[in-house]
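Novice: Sharing query.tsv below, TSV, C-alpha atoms and all ligand atoms:
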```
chain	number	residue	atom	x	y	z
A	10	MET	CA	-60.48	110.16	-89.27
A	11	THR	CA	-61.92	113.12	-87.45
A	12	TRP	CA	-63.90	115.01	-90.06
A	13	GLU	CA	-65.90	117.38	-87.94
A	14	GLY	CA	-68.93	117.87	-90.12
A	15	ARG	CA	-71.77	115.50	-89.44
A	16	ARG	CA	-75.48	116.01	-88.79
A	17	ASP	CA	-78.17	113.36	-88.15
A	18	GLY	CA	-76.09	110.54	-89.65
A	19	HIS	CA	-75.09	112.65	-92.65
A	20	LEU	CA	-71.73	114.09	-93.44
A	21	THR	CA	-71.54	117.85	-93.92
A	22	VAL	CA	-69.05	120.23	-95.49
A	23	GLY	CA	-69.20	123.80	-94.28
A	24	GLY	CA	-72.43	122.88	-92.49
A	25	ILE	CA	-74.13	121.62	-95.68
A	26	PRO	CA	-75.07	117.92	-95.90
A	27	VAL	CA	-73.05	116.30	-98.68
A	28	GLU	CA	-76.16	115.11	-100.63
A	29	ARG	CA	-77.49	118.68	-100.63
A	30	LEU	CA	-74.08	119.96	-101.69
A	31	ALA	CA	-73.99	117.40	-104.52
A	32	ALA	CA	-77.37	118.72	-105.69
A	33	ARG	CA	-76.03	122.27	-105.51
A	34	VAL	CA	-72.93	121.37	-107.51
A	35	GLY	CA	-75.10	119.52	-110.02
A	36	SER	CA	-72.70	116.69	-110.82
A	37	THR	CA	-70.36	114.18	-109.25
A	38	PRO	CA	-67.50	113.70	-108.69
A	39	PHE	CA	-66.42	116.97	-107.11
A	40	PHE	CA	-63.99	118.41	-104.58
A	41	ALA	CA	-65.27	120.48	-101.66
A	42	TYR	CA	-63.03	122.59	-99.44
A	43	ASP	CA	-64.23	123.79	-96.07
A	44	ARG	CA	-63.36	127.48	-95.63
A	45	ASP	CA	-63.79	127.41	-91.86
A	46	LEU	CA	-61.47	124.43	-91.41
A	47	VAL	CA	-58.75	126.28	-93.35
A	48	THR	CA	-59.27	129.39	-91.23
A	49	ARG	CA	-59.02	127.38	-88.04
A	50	ARG	CA	-55.96	125.46	-89.20
A	51	VAL	CA	-54.09	128.65	-90.03
A	52	ALA	CA	-55.09	130.08	-86.65
A	53	ALA	CA	-53.72	126.96	-84.91
A	54	VAL	CA	-50.39	127.28	-86.72
A	55	ARG	CA	-50.17	130.97	-85.94
A	56	ALA	CA	-50.91	130.30	-82.28
A	57	ALA	CA	-48.01	127.84	-82.18
A	58	LEU	CA	-45.52	130.02	-84.05
A	59	PRO	CA	-43.57	132.58	-82.04
A	60	ASP	CA	-43.91	136.30	-82.73
A	61	GLY	CA	-41.85	137.37	-85.67
A	62	VAL	CA	-42.22	134.15	-87.66
A	63	GLN	CA	-44.36	134.64	-90.75
A	64	LEU	CA	-46.44	132.03	-92.52
A	65	SER	CA	-46.34	131.46	-96.26
A	66	TYR	CA	-48.71	129.21	-98.20
A	67	ALA	CA	-47.22	126.90	-100.85
A	68	VAL	CA	-49.70	127.32	-103.69
A	69	LYS	CA	-48.78	123.99	-105.29
A	70	ALA	CA	-50.69	122.18	-102.53
A	71	ASN	CA	-53.97	123.60	-103.82
A	72	PRO	CA	-54.09	126.49	-106.27
A	73	MET	CA	-57.90	126.78	-106.58
A	74	PRO	CA	-58.37	130.56	-107.11
A	75	ALA	CA	-61.23	130.99	-104.60
A	76	LEU	CA	-59.24	129.13	-101.97
A	77	LEU	CA	-56.19	131.29	-102.68
A	78	GLN	CA	-58.27	134.42	-102.21
A	79	HIS	CA	-59.42	133.09	-98.85
A	80	VAL	CA	-55.96	131.97	-97.74
A	81	SER	CA	-54.51	135.29	-98.85
A	82	GLY	CA	-56.43	136.99	-96.05
A	83	LEU	CA	-55.00	134.59	-93.48
A	84	VAL	CA	-51.30	134.15	-94.26
A	85	ASP	CA	-48.39	136.54	-94.78
A	86	GLY	CA	-47.26	135.38	-98.20
A	87	PHE	CA	-47.30	132.82	-100.97
A	88	ASP	CA	-44.73	130.47	-102.45
A	89	VAL	CA	-45.34	129.78	-106.13
A	90	ALA	CA	-43.68	127.27	-108.42
A	91	SER	CA	-44.74	128.34	-111.93
A	92	ALA	CA	-45.85	131.40	-113.86
A	93	GLY	CA	-49.42	130.11	-113.66
A	94	GLU	CA	-49.32	129.96	-109.87
A	95	LEU	CA	-47.66	133.37	-109.87
A	96	ARG	CA	-50.55	134.84	-111.85
A	97	HIS	CA	-53.13	133.44	-109.42
A	98	ALA	CA	-51.12	134.65	-106.41
A	99	LEU	CA	-50.85	138.13	-107.91
A	100	ASP	CA	-54.64	138.18	-108.37
A	101	THR	CA	-54.99	138.15	-104.58
A	102	SER	CA	-54.29	141.07	-102.28
A	103	THR	CA	-50.96	139.56	-101.19
A	104	PRO	CA	-48.23	142.09	-102.07
A	105	ALA	CA	-45.63	140.99	-104.64
A	106	GLU	CA	-42.78	141.37	-102.16
A	107	ARG	CA	-44.41	138.65	-100.02
A	108	ILE	CA	-44.44	136.17	-102.90
A	109	SER	CA	-41.50	133.87	-103.53
A	110	PHE	CA	-40.95	131.83	-106.68
A	111	ALA	CA	-39.09	128.54	-106.16
A	112	GLY	CA	-38.68	125.53	-108.40
A	113	PRO	CA	-36.06	124.19	-110.81
A	114	GLY	CA	-36.12	124.85	-114.54
A	115	LYS	CA	-37.55	128.35	-114.52
A	116	THR	CA	-37.50	129.58	-118.10
A	117	VAL	CA	-36.34	133.03	-119.19
A	118	GLU	CA	-40.00	133.91	-119.81
A	119	GLU	CA	-41.04	132.84	-116.30
A	120	LEU	CA	-38.10	134.66	-114.72
A	121	SER	CA	-38.92	137.80	-116.73
A	122	GLN	CA	-42.52	137.69	-115.48
A	123	ALA	CA	-41.39	137.19	-111.88
A	124	ILE	CA	-38.90	140.06	-112.08
A	125	ALA	CA	-41.46	142.38	-113.66
A	126	ALA	CA	-43.92	141.44	-110.91
A	127	GLY	CA	-41.35	142.22	-108.21
A	128	VAL	CA	-41.54	138.87	-106.44
A	129	THR	CA	-38.53	137.17	-104.88
A	130	VAL	CA	-36.89	134.69	-107.24
A	131	GLU	CA	-35.49	131.77	-105.27
A	132	LEU	CA	-32.46	130.75	-107.28
A	133	GLU	CA	-32.12	127.03	-107.85
A	134	SER	CA	-28.89	127.11	-109.86
A	135	GLU	CA	-26.06	129.29	-111.09
A	136	THR	CA	-27.60	129.28	-114.57
A	137	GLU	CA	-30.71	130.82	-113.08
A	138	LEU	CA	-28.64	133.55	-111.44
A	139	ALA	CA	-26.97	134.34	-114.79
A	140	ARG	CA	-30.40	134.52	-116.47
A	141	VAL	CA	-31.77	136.79	-113.77
A	142	ARG	CA	-28.80	139.14	-114.10
A	143	ALA	CA	-29.22	139.27	-117.87
A	144	ILE	CA	-32.93	140.07	-117.52
A	145	SER	CA	-32.19	142.75	-114.91
A	146	ALA	CA	-29.60	144.31	-117.21
A	147	ALA	CA	-31.93	144.25	-120.19
A	148	THR	CA	-34.98	145.63	-118.38
A	149	GLY	CA	-33.39	147.91	-115.80
A	150	ILE	CA	-35.42	146.18	-113.06
A	151	ARG	CA	-33.26	145.08	-110.15
A	152	ALA	CA	-34.44	141.54	-109.42
A	153	ARG	CA	-35.17	140.48	-105.86
A	154	VAL	CA	-33.37	137.19	-105.33
A	155	ALA	CA	-32.82	134.64	-102.59
A	156	PHE	CA	-30.64	131.56	-102.73
A	157	ARG	CA	-32.37	128.25	-102.33
A	158	VAL	CA	-29.71	126.19	-100.61
A	159	ASN	CA	-29.42	122.43	-100.93
A	160	PRO	CA	-28.33	121.64	-97.38
A	161	ASP	CA	-25.57	119.26	-96.38
A	162	PHE	CA	-28.02	117.24	-94.27
A	163	THR	CA	-31.20	115.24	-94.80
A	164	VAL	CA	-34.36	115.28	-92.72
A	165	ARG	CA	-35.45	112.06	-91.05
A	166	GLY	CA	-39.08	111.07	-91.44
A	167	SER	CA	-39.95	113.09	-94.54
A	168	GLY	CA	-42.37	111.42	-96.95
A	169	MET	CA	-40.61	113.29	-99.76
A	170	ARG	CA	-37.02	114.46	-99.58
A	171	LEU	CA	-36.09	117.67	-101.36
A	172	GLY	CA	-32.74	118.46	-99.78
A	173	GLY	CA	-29.46	116.79	-98.85
A	174	GLY	CA	-27.26	114.72	-101.17
A	175	PRO	CA	-27.40	115.41	-104.89
A	176	GLN	CA	-30.54	117.38	-105.77
A	177	GLN	CA	-32.15	119.23	-108.65
A	178	PHE	CA	-33.32	121.70	-105.98
A	179	GLY	CA	-31.19	124.59	-104.80
A	180	ILE	CA	-27.50	125.40	-104.94
A	181	ASP	CA	-25.31	123.00	-102.96
A	182	ALA	CA	-24.42	124.62	-99.63
A	183	GLU	CA	-20.68	124.26	-100.24
A	184	ARG	CA	-20.95	126.19	-103.55
A	185	VAL	CA	-22.91	129.08	-102.08
A	186	PRO	CA	-19.95	131.14	-100.69
A	187	GLU	CA	-18.27	131.23	-104.09
A	188	VAL	CA	-21.49	132.17	-105.87
A	189	LEU	CA	-22.14	134.86	-103.28
A	190	ALA	CA	-18.64	136.25	-103.83
A	191	GLY	CA	-19.49	136.86	-107.49
A	192	LEU	CA	-22.78	138.56	-106.72
A	193	GLY	CA	-22.98	142.18	-107.87
A	194	ASP	CA	-25.17	145.13	-106.99
A	195	ASP	CA	-27.23	144.43	-110.06
A	196	VAL	CA	-29.51	142.10	-108.08
A	197	ASP	CA	-31.27	142.80	-104.81
A	198	PHE	CA	-30.11	139.98	-102.49
A	199	GLN	CA	-32.77	139.11	-99.93
A	200	GLY	CA	-31.52	135.99	-98.20
A	201	PHE	CA	-31.87	132.23	-98.12
A	202	HIS	CA	-34.41	129.44	-98.41
A	203	VAL	CA	-33.94	125.83	-97.31
A	204	PHE	CA	-36.72	123.35	-97.99
A	205	ALA	CA	-35.45	119.90	-97.16
A	206	GLY	CA	-38.53	117.68	-97.05
A	207	SER	CA	-42.29	117.33	-97.01
A	208	GLN	CA	-45.01	115.24	-95.28
A	209	ASN	CA	-43.19	114.80	-91.96
A	210	LEU	CA	-45.21	113.77	-88.88
A	211	ARG	CA	-42.25	113.83	-86.48
A	212	ALA	CA	-41.91	117.07	-84.57
A	213	ASP	CA	-38.44	116.07	-83.33
A	214	SER	CA	-37.03	115.69	-86.81
A	215	ILE	CA	-38.66	118.93	-88.00
A	216	CYS	CA	-37.01	120.70	-85.03
A	217	GLU	CA	-33.68	119.07	-85.82
A	218	ALA	CA	-33.97	120.21	-89.45
A	219	GLN	CA	-34.75	123.76	-88.30
A	220	ASP	CA	-31.73	123.74	-85.95
A	221	ARG	CA	-29.43	122.55	-88.69
A	222	THR	CA	-30.91	125.00	-91.18
A	223	VAL	CA	-30.21	127.88	-88.82
A	224	ASP	CA	-26.62	126.64	-88.27
A	225	LEU	CA	-26.09	126.50	-92.00
A	226	ILE	CA	-27.63	129.89	-92.73
A	227	LEU	CA	-25.61	131.62	-89.99
A	228	GLU	CA	-22.47	130.20	-91.57
A	229	LEU	CA	-23.50	131.44	-95.01
A	230	ALA	CA	-24.65	134.79	-93.65
A	231	ALA	CA	-21.08	135.44	-92.48
A	232	VAL	CA	-20.07	135.78	-96.14
A	233	SER	CA	-23.29	137.20	-97.62
A	234	PRO	CA	-24.82	140.67	-97.84
A	235	PRO	CA	-27.25	141.39	-94.97
A	236	VAL	CA	-29.98	138.74	-94.73
A	237	ARG	CA	-33.44	140.28	-94.97
A	238	TYR	CA	-35.33	137.07	-95.71
A	239	LEU	CA	-34.89	133.66	-94.16
A	240	ASN	CA	-37.24	130.90	-95.28
A	241	LEU	CA	-36.86	127.88	-92.99
A	242	GLY	CA	-39.11	125.62	-95.09
A	243	GLY	CA	-41.75	123.50	-93.41
A	244	GLY	CA	-42.66	119.95	-94.32
A	245	PHE	CA	-45.43	119.60	-91.72
A	246	GLY	CA	-47.34	116.41	-92.53
A	247	ILE	CA	-50.94	115.25	-92.05
A	248	PRO	CA	-52.21	111.78	-91.15
A	249	TYR	CA	-53.43	109.66	-94.04
A	250	SER	CA	-54.23	106.48	-92.16
A	251	ARG	CA	-55.05	105.28	-88.67
A	252	ARG	CA	-51.40	104.40	-88.17
A	253	ASP	CA	-50.34	108.03	-88.61
A	254	HIS	CA	-50.31	110.31	-85.58
A	255	PRO	CA	-51.11	113.99	-86.13
A	256	LEU	CA	-48.13	116.30	-85.88
A	257	ASP	CA	-47.63	118.01	-82.52
A	258	LEU	CA	-47.10	121.71	-83.24
A	259	ASP	CA	-46.13	122.79	-79.72
A	260	PRO	CA	-42.54	121.47	-79.68
A	261	ILE	CA	-41.97	123.00	-83.10
A	262	GLY	CA	-43.28	126.37	-81.91
A	263	ASP	CA	-41.13	126.17	-78.76
A	264	ASN	CA	-38.05	125.28	-80.76
A	265	LEU	CA	-38.63	128.14	-83.19
A	266	ALA	CA	-39.10	130.55	-80.29
A	267	ARG	CA	-35.73	129.45	-78.89
A	268	LEU	CA	-34.06	129.74	-82.30
A	269	MET	CA	-35.49	133.22	-82.78
A	270	ARG	CA	-34.42	134.37	-79.33
A	271	GLU	CA	-30.98	132.84	-79.17
A	272	ARG	CA	-29.75	132.68	-82.73
A	273	ILE	CA	-31.77	134.38	-85.43
A	274	THR	CA	-32.70	137.74	-83.92
A	275	PRO	CA	-29.23	138.39	-82.42
A	276	HIS	CA	-27.38	137.48	-85.63
A	277	LEU	CA	-29.85	138.38	-88.36
A	278	PRO	CA	-31.85	141.26	-86.89
A	279	GLU	CA	-33.17	142.42	-90.26
A	280	ALA	CA	-34.41	139.03	-91.43
A	281	ARG	CA	-38.08	138.37	-92.20
A	282	VAL	CA	-38.36	134.78	-91.01
A	283	VAL	CA	-40.81	132.54	-92.84
A	284	ILE	CA	-42.25	129.05	-92.47
A	285	GLU	CA	-43.67	127.70	-95.71
A	286	LEU	CA	-46.56	125.22	-95.58
A	287	GLY	CA	-48.87	123.73	-98.16
A	288	ARG	CA	-50.42	120.40	-97.25
A	289	TYR	CA	-50.72	121.14	-93.54
A	290	LEU	CA	-52.88	124.23	-94.10
A	291	VAL	CA	-55.38	122.79	-96.57
A	292	GLY	CA	-55.00	119.01	-96.85
A	293	GLU	CA	-57.46	118.07	-94.12
A	294	ALA	CA	-59.98	120.73	-95.16
A	295	GLY	CA	-60.88	119.05	-98.44
A	296	VAL	CA	-62.95	116.04	-99.49
A	297	TYR	CA	-63.43	114.29	-102.82
A	298	ILE	CA	-67.00	113.14	-103.33
A	299	THR	CA	-67.91	110.48	-105.82
A	300	ARG	CA	-71.13	108.54	-106.53
A	301	VAL	CA	-71.52	104.76	-106.68
A	302	VAL	CA	-72.48	103.67	-110.20
A	303	ASP	CA	-72.20	99.91	-109.84
A	304	ARG	CA	-71.88	97.15	-107.31
A	305	LYS	CA	-70.75	93.78	-108.55
A	306	GLU	CA	-69.54	90.48	-107.17
A	307	SER	CA	-66.61	88.75	-108.78
A	308	ARG	CA	-65.46	85.39	-107.46
A	309	GLY	CA	-66.06	86.25	-103.86
A	310	THR	CA	-64.99	89.90	-103.96
A	311	THR	CA	-67.44	92.81	-103.97
A	312	PHE	CA	-66.49	95.74	-106.16
A	313	VAL	CA	-68.11	99.11	-105.59
A	314	VAL	CA	-67.54	101.18	-108.73
A	315	VAL	CA	-67.67	104.96	-108.41
A	316	ASP	CA	-67.87	107.72	-111.01
A	317	GLY	CA	-64.55	109.24	-109.88
A	318	GLY	CA	-61.08	107.79	-109.68
A	319	LEU	CA	-57.35	108.30	-109.77
A	320	HIS	CA	-57.65	110.77	-112.67
A	321	HIS	CA	-58.93	113.26	-110.05
A	322	GLN	CA	-57.44	111.98	-106.81
A	323	LEU	CA	-54.28	110.10	-107.77
A	324	ALA	CA	-52.85	110.09	-104.26
A	325	ALA	CA	-55.77	108.05	-102.88
A	326	SER	CA	-54.91	105.24	-105.30
A	327	GLY	CA	-51.40	105.04	-103.84
A	328	ASN	CA	-49.67	106.16	-107.02
A	329	PHE	CA	-48.41	109.59	-105.90
A	330	GLY	CA	-44.97	108.66	-104.65
A	331	GLN	CA	-46.13	106.31	-101.89
A	332	VAL	CA	-43.88	103.34	-101.17
A	333	ILE	CA	-46.61	101.30	-99.50
A	334	ARG	CA	-50.21	101.58	-100.67
A	335	ARG	CA	-52.62	102.34	-97.82
A	336	ASN	CA	-56.30	103.20	-98.03
A	337	TYR	CA	-57.10	106.87	-97.62
A	338	PRO	CA	-59.81	107.41	-95.02
A	339	MET	CA	-63.27	107.28	-96.53
A	340	ALA	CA	-66.95	107.19	-95.56
A	341	VAL	CA	-70.37	106.77	-97.12
A	342	ALA	CA	-71.79	110.27	-96.72
A	343	ASN	CA	-75.42	109.20	-96.43
A	344	ARG	CA	-74.81	106.24	-94.12
A	345	LEU	CA	-72.77	107.55	-91.22
A	346	GLY	CA	-73.18	105.40	-88.15
A	347	GLU	CA	-74.79	102.43	-89.98
A	348	PRO	CA	-73.28	99.03	-89.11
A	349	LEU	CA	-70.24	97.94	-91.07
A	350	ASP	CA	-70.71	95.36	-93.81
A	351	ALA	CA	-68.24	92.84	-95.23
A	352	PRO	CA	-65.12	94.44	-96.79
A	353	VAL	CA	-65.42	95.74	-100.37
A	354	ASN	CA	-63.05	97.05	-102.98
A	355	VAL	CA	-63.90	100.61	-103.96
A	356	VAL	CA	-62.69	101.18	-107.49
A	357	GLY	CA	-62.74	104.16	-109.81
A	358	CYS	CA	-64.24	104.24	-113.28
A	359	LEU	CA	-60.96	104.12	-115.18
A	360	CYS	CA	-60.23	101.00	-117.19
A	361	THR	CA	-57.00	100.20	-115.33
A	362	PRO	CA	-56.34	98.05	-112.27
A	363	LEU	CA	-54.40	101.00	-110.82
A	364	ASP	CA	-57.71	102.72	-110.14
A	365	LEU	CA	-58.20	101.22	-106.69
A	366	LEU	CA	-59.45	103.72	-104.10
A	367	GLY	CA	-60.25	101.35	-101.25
A	368	ASP	CA	-58.70	97.90	-100.87
A	369	ARG	CA	-60.89	95.57	-98.75
A	370	VAL	CA	-62.34	98.48	-96.89
A	371	GLU	CA	-65.04	98.10	-94.24
A	372	LEU	CA	-67.98	100.44	-94.79
A	373	PRO	CA	-71.74	100.24	-94.23
A	374	ARG	CA	-73.68	98.30	-96.86
A	375	ILE	CA	-73.28	100.42	-100.03
A	376	GLU	CA	-75.94	100.77	-102.72
A	377	ILE	CA	-75.82	102.30	-106.19
A	378	GLY	CA	-76.38	106.05	-105.89
A	379	ASP	CA	-74.64	106.39	-102.52
A	380	LEU	CA	-72.01	109.08	-102.11
A	381	ILE	CA	-68.50	108.02	-101.10
A	382	VAL	CA	-66.34	110.66	-99.49
A	383	LEU	CA	-62.55	110.47	-99.57
A	384	PHE	CA	-60.96	112.58	-96.86
A	385	GLN	CA	-57.59	114.37	-96.79
A	386	ALA	CA	-58.24	115.60	-100.33
A	387	GLY	CA	-57.51	119.30	-99.86
A	388	ALA	CA	-53.86	119.13	-100.91
A	389	TYR	CA	-52.21	117.49	-103.93
A	390	GLY	CA	-55.62	116.33	-105.15
A	391	LEU	CA	-57.00	117.55	-108.45
A	392	THR	CA	-53.94	119.38	-109.74
A	393	ALA	CA	-51.67	116.50	-108.78
A	394	SER	CA	-53.75	114.02	-110.79
A	395	PRO	CA	-53.68	112.94	-114.45
A	396	THR	CA	-57.03	114.50	-115.43
A	397	ALA	CA	-56.58	113.77	-119.13
A	398	PHE	CA	-56.15	110.04	-118.55
A	399	LEU	CA	-59.15	108.32	-120.18
A	400	SER	CA	-60.73	111.63	-121.20
A	401	HIS	CA	-63.42	111.88	-118.56
A	402	PRO	CA	-64.74	115.38	-117.74
A	403	ALA	CA	-62.93	117.43	-115.10
A	404	PRO	CA	-64.61	117.59	-111.68
A	405	VAL	CA	-65.98	120.77	-110.16
A	406	GLU	CA	-64.24	122.29	-107.12
A	407	VAL	CA	-66.18	124.29	-104.56
A	408	LEU	CA	-65.17	126.30	-101.53
A	409	VAL	CA	-67.89	126.03	-98.93
B	1	LIG	C1	-40.14	124.72	-102.11
B	1	LIG	C2	-41.33	124.05	-101.55
B	1	LIG	N1	-42.10	124.72	-100.69
B	1	LIG	C3	-43.21	124.16	-100.16
B	1	LIG	C4	-43.60	122.89	-100.49
B	1	LIG	C5	-44.87	122.37	-99.90
B	1	LIG	O1	-44.75	121.25	-99.14
B	1	LIG	P1	-45.96	120.76	-98.22
B	1	LIG	O2	-47.20	120.84	-99.06
B	1	LIG	O3	-45.62	119.38	-97.86
B	1	LIG	O4	-46.06	121.69	-97.06
B	1	LIG	C6	-42.81	122.14	-101.36
B	1	LIG	C7	-43.21	120.77	-101.69
B	1	LIG	O5	-42.73	120.11	-102.56
B	1	LIG	C8	-41.65	122.74	-101.92
B	1	LIG	O6	-40.89	122.09	-102.79
```
Let me see the structure of the file written as structure tokens.
Specialist:
Amino acid sequence: MTWEGRRDGHLTVGGIPVERLAARVGSTPFFAYDRDLVTRRVAAVRAALPDGVQLSYAVKANPMPALLQHVSGLVDGFDVASAGELRHALDTSTPAERISFAGPGKTVEELSQAIAAGVTVELESETELARVRAISAATGIRARVAFRVNPDFTVRGSGMRLGGGPQQFGIDAERVPEVLAGLGDDVDFQGFHVFAGSQNLRADSICEAQDRTVDLILELAAVSPPVRYLNLGGGFGIPYSRRDHPLDLDPIGDNLARLMRERITPHLPEARVVIELGRYLVGEAGVYITRVVDRKESRGTTFVVVDGGLHHQLAASGNFGQVIRRNYPMAVANRLGEPLDAPVNVVGCLCTPLDLLGDRVELPRIEIGDLIVLFQAGAYGLTASPTAFLSHPAPVEVLV
């Protein structure tokens, strides 16, 4: 894994050696996010995207408030998926009209907050539309809405599928014309959102999904009010093991440029076109750092026991929707470049066999007190983990 920070055999985050950072934080385990890596990643995406395509950050990937403040200065908007995320997004300088609120099961209270805030409610069902209309009527605030459409296609190569076939997400594409026909002036129709899958490392299938999304939206736009917002989703993945190849952004940028030129701008000249990314922007900028508290042999296997575990970084244990468990990349922060020792099992401190962070992993000889760093921890880390499980204290998060 190509973590860039290293100095004299020591791993660094934001230029600070990890041991020094651990002393600064005052406790382990903790998450550290590298501000500069996020800045550079956003710049790389922007360089690949054609003019006129905006970038939205999906807050669910990492909602740490300091990180959101930083990202707010780099992207054009936010996608939120709860009233809590909405509150944090509104605390930044991102204007409400650049915030979209997607996600099934929005309650009347959440919808009321979103409408009062003036963000775009991405409708996931006809019930939601009825609720939004009732709230608009009761409050006199004309809600900004977009339709999240469940497409009639699936995306190949997505680690998680969120569109195509029966779904709890979005309104089925074939239902949309009828729902549009019943739409009144009481809501402010913005446009459409299609988000069909996540964690995809194949540029060709992302391009294919974008082509098909544009086909679908142009069909729907023929029977809708003018489209002022078109969210093409994202799903850009990051590598989690040596077998994964990093996503190539160039073909995606080229394809989007062609779609803009030939299809979107001529047919939907008023549309604000958005790509929505979470994991790709922050996932590789974060590490989870945990200290070795024990080293024991058991019938020929060496177990290295750390003070962290799946309660903070569930995905690294292979229990966050993975079909096949693979070790997340890891290193011993204070022993970079030392020769590799016999394989060990790195386990967390939870009293469950699920808490396996490294299965027969080859690392330098590890001693009690060493700091183990798990990479690719910037997205779907802490807030995607069962922190209450076994009642250990919550870890600190720092933006460096
Ligand atoms: C509507 C929506 N937007 C954005 C995302 C973020 O996906 P990723 O972090 O893979 O970019 C998701 C993921 O589930 C989603 O459902």
Novice: Could you tell me, counting all atoms listed in the file, which protein and nucleic acid residues lie no more than 8 Å from ligand LIG 1 (chain B), written as a PyMOL selection string?
Specialist: chain A and resi 66-70+88+90+111-112+169+171+203-204+206-209+242-246+285-290+388-389
Novice: Residues at most 12 Å from Arg33 (chain A), counting all atoms listed in the file, excluding those fewer than 4 positions away in the same chain, as a VMD selection string?
Specialist: chain A and resid 25 to 29 37 39 41 405 to 407 409
Novice: Take the residues that were just selected and, keeping C-alpha atoms, output them as a PDB file, keeping the file's coordinate frame.
Specialist:
```
ATOM      1  CA  ILE A  25     -74.130 121.620 -95.680  1.00  0.00           C
ATOM      2  CA  PRO A  26     -75.070 117.920 -95.900  1.00  0.00           C
ATOM      3  CA  VAL A  27     -73.050 116.300 -98.680  1.00  0.00           C
ATOM      4  CA  GLU A  28     -76.160 115.110-100.630  1.00  0.00           C
ATOM      5  CA  ARG A  29     -77.490 118.680-100.630  1.00  0.00           C
ATOM      6  CA  THR A  37     -70.360 114.180-109.250  1.00  0.00           C
ATOM      7  CA  PHE A  39     -66.420 116.970-107.110  1.00  0.00           C
ATOM      8  CA  ALA A  41     -65.270 120.480-101.660  1.00  0.00           C
ATOM      9  CA  VAL A 405     -65.980 120.770-110.160  1.00  0.00           C
ATOM     10  CA  GLU A 406     -64.240 122.290-107.120  1.00  0.00           C
ATOM     11  CA  VAL A 407     -66.180 124.290-104.560  1.00  0.00           C
ATOM     12  CA  VAL A 409     -67.890 126.030 -98.930  1.00  0.00           C
TER      13      VAL A 409
END
```
Novice: Have a look at A:Cys360, A:Ala147, A:Val355, A:Met339 and name the one nearest to His401 (chain A); count only C-alpha atoms.
Specialist: A:Cys360
Novice: From the options A:Pro235, A:Pro72, A:Pro186, A:Gly172, which residue's atoms come nearest to Phe198 (chain A), counting all atoms listed in the file?
Specialist: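 Of A:Pro235, A:Pro72, A:Pro186, A:Gly172, the one nearest Phe198 (chain A) is A:Pro235, counting all atoms listed in the file.
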Novice: Write out as a list of chain:residue names each polymer residue whose atoms come within 10 Å of Val232 (chain A), counting all atoms listed in the file; drop sequence neighbours fewer than 3 positions from it.
Specialist: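 My reading of the contact set: A:Val185, A:Pro186, A:Glu187, A:Leu189, A:Ala190, A:Leu227, A:Glu228, A:Leu229, A:Pro235.
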Novice: Mind writing the picked residues with C-alpha atoms as a tab-separated table (two decimals), in the frame of the given file?
Specialist:
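Result file out01.tsv:
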```tsv
chain	number	residue	atom	x	y	z
A	185	VAL	CA	-22.91	129.08	-102.08
A	186	PRO	CA	-19.95	131.14	-100.69
A	187	GLU	CA	-18.27	131.23	-104.09
A	189	LEU	CA	-22.14	134.86	-103.28
A	190	ALA	CA	-18.64	136.25	-103.83
A	227	LEU	CA	-25.61	131.62	-89.99
A	228	GLU	CA	-22.47	130.20	-91.57
A	229	LEU	CA	-23.50	131.44	-95.01
A	235	PRO	CA	-27.25	141.39	-94.97
```
Novice: Of the candidates A:Asp85, A:Glu376, A:Asp197, A:Glu137, which shows the shortest atom-to-atom distance to Val117 (chain A), using all atoms listed in the file?
Specialist: A:Glu137
Novice: Calculate how many Å separate CA of Val223 (chain A) from CA of Pro104 (chain A), rounding to one decimal.
Specialist: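 The value is 26.5 Å.
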Novice: In Å, rounded to a single decimal, give me how far CA of Gly86 (chain A) is from CA of Val283 (chain A).
Specialist: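 According to the coordinates, CA of Val283 (chain A) and CA of Gly86 (chain A) are separated by 8.9 Å.
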Novice: Check the smallest atom-to-atom distance from each of A:Gln199, A:Asn240, A:Thr311, A:Thr163 to Val128 (chain A) using all atoms listed in the file, then report the winner.
Specialist: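 For Val128 (chain A), the nearest of the candidates is A:Gln199.
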